[in-house]
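One structure is given here, and the rest of the page talks about it.
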Amino acid sequence: MVDPANTPLGKMLLEEITPVVMVIRTPLVEEACQKNGLTFVQMLRPFCVFNNFDVPVRTASDQPYRLQKFRLRLFYDSDVRPPNLEVSKERLKQVITQAGEKDLSELCSELPQINNAPSRPESESLPSWFQFFNKELVHTVSFSDHEAFDHPLACLIVVSSKDDQPINRFLNLFNSNKLPSLLNSGAMDPNILKHYLLVHDNQDGSSEKATKLLTEMRSTFGSDCQLLCINSSQDGAVEHQDNPWVLYSSEDLPSQPLRCFLNVDDFNEIKDLMQDFSSKHIIPYMEQKIRVLNQQVSATRKGFRNQIKNLWWRKGKEDVVDSPSGPTYTFSSIESQIRVLGDYAFMLRDYELALSNYRLISTDYKLDKAWKRFAGTQEMMGLAYFMLDHSRKEAESCMDTAFTYYLKYALSSQQNATRCGLWWVEMLKARYQYREAATVYFRVGAEEPLHSAVMLEQASYCYLLSKPPMLHKYGFHLVLSGDRYKKCDQIKHAIRTYRSAMSVYKGTTWSHIKDHIHFHLGQWYALLGLYDLAVSHMLEVLACRHQSKTMQELFLKDFLEIVQKTGKTFEVSKLQLPEINIPSLRVFFEDHRTYASSAAASVKERLWRSLEEEMVPSTSTGRTNWLELQSKLIPKKFKESNVCVAGEAVKIDIEFKNPLQIPLLLSGVSLKCELSANSDEMKSDENNSLVGVQINDESTKLNHRDADSETLFSLSDVDVSMGGGETTLVQLTVTPRVEGVLQIVGVKWKLSGFVVGFHNFDTSPVKIIGKRRQKANHPQSINLKFAVVKSVPKLEGVIHSLPERAYAGDVRHLVLELKNQSEFAVKNLKMKSSHPRFLNVGQRESLNSEFPACLEKKTSQHSDIRSNSDVSHSVFLFPEDTTIQGEKPLLWPLWFRAALPGNISLDISIYYEMGDVSSGIKYRTLRMHYNLQVLPSLDVSFQISPCPSRLREFLVRMDVVNKTSSESFQVHQLSSVGQKWEVSLLQPVDAIFPSQSLMAHQALSCFFMLKSRSKPSTSEDETSSCSPLLGSDVTLGTEGSCGPLFDIASSPLADFHHCERLQQEISHKGDVNTVDFILISRPLKNDTHPVVSDPPHLFSHHACHCSIESRSPISWLVDGPRTLYHNFSASFCEINFHMTIYNSSDVIASVCIKTYDSNSDNLSDAIPVQPATSSSNQDGWHDLPLGNEIRVTSDVVGARTGKSSSVESVTPFIWSGSSSTKVELEPKSRTEIPLQVCVFSPGTFDLSNYVLHWKLLPSNGDGLQSSGACQGYPYYLTVLQSA
């Protein structure tokens, strides 16, 4: 630690604990001094401080030391008394109030920064008035009866040379009846040093008379007499720029340069006078007093004997008077003398002597329970320890004891405790113990609210100066201080402390304390009439979502009240109510791309580009084409701008969110825009004049729209009422009326009818619906600058009767309506859909056709409405003569079919060109988007298996499941597609559909026969994809309930079927032997009354690429007798069969037939073999295992009836003839092979014990060879014994 004398506490002790000189003067003395605007004491005070004193001092010891600094305190006799408590409090209040008035300018400045505060010196960090306030607080306990350092040790009696009978005046001034109470009450020795001073005013004449009076004074009073001549300047023209009274005086002295009668000689004379008075009178008197008192104390109290005597007999001393507040000691008591000795030694810097006497008397006071005096000696002991820099622990312990006893035991000693606490704090701060000092500050200001506020503020700075800085405690104590300031009506100080606290919490997550600070700052600024600052702070607490509903209502109510007090509509930038979700900002504008709805504008641009790729001019892509167009229309200055068309609105979707739990009312929500109306703006980069909303981002003022801007663009105004926590999407529009450059600056609104809020858009990432110049991987920043081009035609389109919800398979007739409000026509229309399975463009002739009658089969073989098999993969071209202009719309038929269940996004783009050749935009596209929900209806599946008894005939099983929850359907028609196949019923319709309807969740299975119409010989392959899509139809309804059949070979059923074939061909690629089915059904009105619904609906279900091929390209049929009679007693039975083999492949097939006897083991050698029919196929005919199960009887002698044929020693039958036959079949050809078996006994036999080995022989070595083996079909032969 540095030298204690150079610390703030050391300097304070050198100022406060110094000899006191009582001044008694005549009125004429004051009159002479007042010529200079000073009192006599004020005139002498700057010269009572000696920084280069260098006076030798010898106290109780024989070793002298030298005083380098010394100071006297001068007081008039009327001021030597304890201050009045109420007057002192009022004085302190004035000090605080005046400090607040001086800091008024700081209340309007920016928030203080605390980043560098801990590194600055303490004197720079703390407010300057703290030190003065602390001094005034210390002075509130001046001239206490128990502290000798405030007792006058000398009296300076001053008489003017103009006074009558000056000698008598000297004698009369020191009158015991007029002396202060300290001298008359016995608290101090009235026999103090007296010094006589004669003052002569040179303005009144020469000093000869004064010199004679001085000689007379010395003859009367001795050597303690001096003469002081003042006002030596005759004309009063001396100006003292260096005012010596500024550094050593209080604030009641003049601070401006003095124009007085005191010249340099007067200054020197006063200085010599006070130095001589101190060195030759005051200090020698104190030295003498210390030595005398030390001898008395040593004789009576020091030594072991005297200490024992004091303990036993001190209560019987006559000079101690009992008092309710404790013992009272007169100046002649040994205790008072010891205290005087200690205080005199302390003032002369003999801290060792002072400390020894304080220790000595401290015990006596404690035994006497004189708590105030005990606390006083403990206080002085702590200061002595500090100045000696001996024991830090002892010093702090003494200060703590003194502080505690002042508060706890001594009556009316709060001010003494405050002074003790202030000195204790300075002691800790001198040792950099700021945290401990803050704790003491907190204890000091416990009683008086205003003093407590100042102490809490000083404590906060201790936390700031601690190492490391304790910022949260710094801010928290500032808030506590500000709250107490406000309670004491010190609003400016409350604002100052809260502002300092905000510098701590700004940028932190301590939201509640920030709300508290901002809210009260807003209220307090409003009380001072600083409404701009009040509103700025109240704005910070508006969006307090973390607060309760009650607090939110309070904040908003007070905010609106403050705004009302301004008497104007307040305008605020970035008003937090409501919150604006800038990242979700969506901009919709139309250049060459137009949108039928906002939903269409929300579709990703890459999807539209992919859809429109085939429609835009083939010389260039739409993107490049548009960029070339834009470069021609717009100068380089605006090449990064978007493009919009005059007369067409630019829309912006803005999401407003109410962060509060209380409702908000917004009115006049609109955009802020700028528009350059002149074409010169497009050509010149300078001297352009913007007309519209003028915006200054740094200002909180919003300029209203210029009246001229109404002719340039129009804005939409929206009123919004938002509930608590509600999020509302608001669409705002601006419609430019003329060509130029449009800039969307921001959005504005009015809150609760009083506050206009506006928010200027920045360059944050945002989704923009329009041209996208950047890659999809990088978010595009806001670009709200638009080049407005000349007005061009724009198509408006809608599809009438398009359902939002439908069942799968639903077929409907729709109408597309296109309008062009422009006087210029559009031409060369093209159209393309993203889902041709769902939407098909019809022919103009079918516009007014009645549905579904227009789809019925006509009497002629083909319908007039033909299908277009290429429509699903191409762009629909409207007729060349098709134009749209004026009020007459274009109506065009569309066919809709709900192809599959799910949520479907249907995108439609219509391309058209401008009829006006002068237009800069040559073409535009109309984009339409619809969201559909398709629910499951009928689930239809087909399974086909070859017929074992017929070649090229198949059994078809159709499974139908109604997957709806409430709908019922009538199955109307089943059709096979193409000329190659013919489908027919296997059983009557009544047997298949007994209820004539398919209820919800009902399943149904039925069988059909499928026949091939192709000739057996090799012919050109006819696939089911050929056009026209002719086929065969089966009516699935009764004659009374079923209407006419529907034409599947005509549009739109044929077109939808073509799309389904393309969709399903991927999973059946390469399989040419397939058949397609179309099931047509109609919904019923309800289950109770099965009447077809009105209006009529039609459902089509398409099953494509149903394979008819087995696993083998070879099919065969065994033909022969099934039952016959034979006389086995005569001979065995020979039976002839023939096998017809068909090659369904496109290459030559080699077939080898191997037969095996019933008991032969060679059959296992044929493995692996393929079964004649797939075991997974659940339809058709299946093998009945009869060979080992059936029992037959015979009249043949010796026949073993009742035994299984498997146990016979002789086989029941054998294959006769060749056991292996090999043939080669041409593609798509057949041949017959003769077979013969010999049966030896009656019974039923399975003739399936043969295997066909086949092998395909590709021509010219092309392709890979394939081969296989097939197990024979079950063929049961029954041979009975003849009679």
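Quick note on naming: the chains in the structure tokens go A, B, ... in the order shown, residues restart at 1 in each chain, and ligands are numbered from 1 in order of appearance.
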ask   = Tell me, which residues of range 192-241 of chain A carry DSSP alpha helix (DSSP H), written as a PyMOL selection string?
value = chain A and resi 208-221
task = Can you work out which one of A:Lys748, A:His472, A:Arg924, A:His146 has the shortest atom-to-atom distance to Leu715 in chain A, counting only C-alpha atoms?
result = A:Lys748
Selection: 8 Å around range 88-94 of chain A, only C-alpha atoms, excl. self and same-chain fewer than 3 positions, as a compact mmCIF listing (two decimals) with all heavy atoms, in the first residue's frame:
```
# COMPACT_ATOMS: atom_id res chain seq x y z
N PRO A 83 -24.04 20.62 14.89
CA PRO A 83 -25.02 21.04 13.88
C PRO A 83 -26.41 20.52 14.22
O PRO A 83 -26.59 19.46 14.80
CB PRO A 83 -24.49 20.42 12.58
CG PRO A 83 -23.07 20.08 12.85
CD PRO A 83 -22.99 19.77 14.32
N ASN A 84 -27.41 21.31 13.81
CA ASN A 84 -28.79 20.88 13.95
C ASN A 84 -29.06 19.75 12.96
O ASN A 84 -28.74 19.85 11.78
CB ASN A 84 -29.72 22.06 13.70
CG ASN A 84 -31.18 21.67 13.89
OD1 ASN A 84 -31.82 21.14 12.98
ND2 ASN A 84 -31.69 21.95 15.10
N LEU A 85 -29.66 18.67 13.45
CA LEU A 85 -29.83 17.48 12.62
C LEU A 85 -30.72 17.75 11.41
O LEU A 85 -30.41 17.35 10.29
CB LEU A 85 -30.40 16.34 13.46
CG LEU A 85 -30.53 14.98 12.76
CD1 LEU A 85 -29.17 14.51 12.26
CD2 LEU A 85 -31.13 13.94 13.71
N THR A 97 -29.51 17.38 -4.60
CA THR A 97 -30.36 17.98 -5.64
C THR A 97 -29.53 18.80 -6.61
O THR A 97 -29.72 18.73 -7.83
CB THR A 97 -31.44 18.85 -4.98
OG1 THR A 97 -32.20 18.06 -4.07
CG2 THR A 97 -32.36 19.43 -6.04
N GLN A 98 -28.61 19.60 -6.08
CA GLN A 98 -27.75 20.41 -6.94
C GLN A 98 -26.88 19.53 -7.83
O GLN A 98 -26.65 19.86 -9.00
CB GLN A 98 -26.89 21.34 -6.11
CG GLN A 98 -27.68 22.44 -5.39
CD GLN A 98 -26.81 23.26 -4.45
OE1 GLN A 98 -25.61 23.05 -4.35
NE2 GLN A 98 -27.44 24.20 -3.75
N PHE A 133 -20.22 15.21 -0.95
CA PHE A 133 -21.33 14.73 -0.11
C PHE A 133 -20.80 14.01 1.12
O PHE A 133 -21.32 14.22 2.24
CB PHE A 133 -22.23 13.79 -0.93
CG PHE A 133 -23.30 13.12 -0.12
CD1 PHE A 133 -24.48 13.78 0.19
CD2 PHE A 133 -23.12 11.82 0.36
CE1 PHE A 133 -25.46 13.15 0.93
CE2 PHE A 133 -24.10 11.20 1.10
CZ PHE A 133 -25.27 11.87 1.40
N GLU A 136 -19.65 16.54 3.66
CA GLU A 136 -20.77 17.16 4.34
C GLU A 136 -21.39 16.20 5.34
O GLU A 136 -21.85 16.61 6.42
CB GLU A 136 -21.82 17.60 3.32
CG GLU A 136 -21.39 18.75 2.44
CD GLU A 136 -21.23 20.02 3.24
OE1 GLU A 136 -21.96 20.20 4.24
OE2 GLU A 136 -20.36 20.85 2.88
N LEU A 137 -21.40 14.93 5.01
CA LEU A 137 -21.95 13.93 5.93
C LEU A 137 -21.07 13.80 7.17
O LEU A 137 -21.58 13.62 8.29
CB LEU A 137 -22.08 12.58 5.21
CG LEU A 137 -23.08 11.58 5.76
CD1 LEU A 137 -24.48 12.19 5.80
CD2 LEU A 137 -23.09 10.32 4.90
N THR A 140 -21.65 16.55 9.82
CA THR A 140 -22.88 16.54 10.62
C THR A 140 -22.62 16.16 12.07
O THR A 140 -23.51 16.34 12.92
CB THR A 140 -23.90 15.56 10.02
OG1 THR A 140 -23.34 14.25 9.96
CG2 THR A 140 -24.31 16.01 8.63
N LEU A 450 -32.64 8.68 1.69
CA LEU A 450 -31.85 9.42 0.72
C LEU A 450 -30.37 9.12 0.85
O LEU A 450 -29.67 8.91 -0.15
CB LEU A 450 -32.10 10.92 0.88
CG LEU A 450 -31.42 11.83 -0.16
CD1 LEU A 450 -31.82 11.43 -1.57
CD2 LEU A 450 -31.74 13.29 0.11
```
message = I'd like the neighbourhood of Tyr498 in chain A as a PyMOL selection string, where a residue qualifies if any of its atoms comes within 12 Å (using only C-alpha atoms), though same-chain residues fewer than 3 positions away should be ignored.
response = chain A and resi 107+111-112+457+460+474-486+491-495+501-506+513-522+524-525+537
query = So which residues touch Leu666 in chain A within 7 Å, counting only C-alpha atoms, skipping near sequence neighbours fewer than 2 positions away, as a list of chain:residue names?
reply = A:Leu664, A:Gly668, A:Val669, A:Asp719, A:Val720, A:Ser721, A:Trp749, A:Lys750, A:Leu751, A:Ser752
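Distances here use only C-alpha atoms; by that measure, the residue among A:Ser413, A:Thr727, A:Ser641, A:Gln547 closest to Asp591 in chain A is A:Ser641.
Taking only C-alpha atoms into account, Cys33 in chain A lies nearest to A:Ser160 out of the set A:Ser714, A:Thr300, A:Ser160, A:Ser278.
Across the structure, CA of Phe386 in chain A and CA of Gly342 in chain A are spaced 15.3 Å apart.
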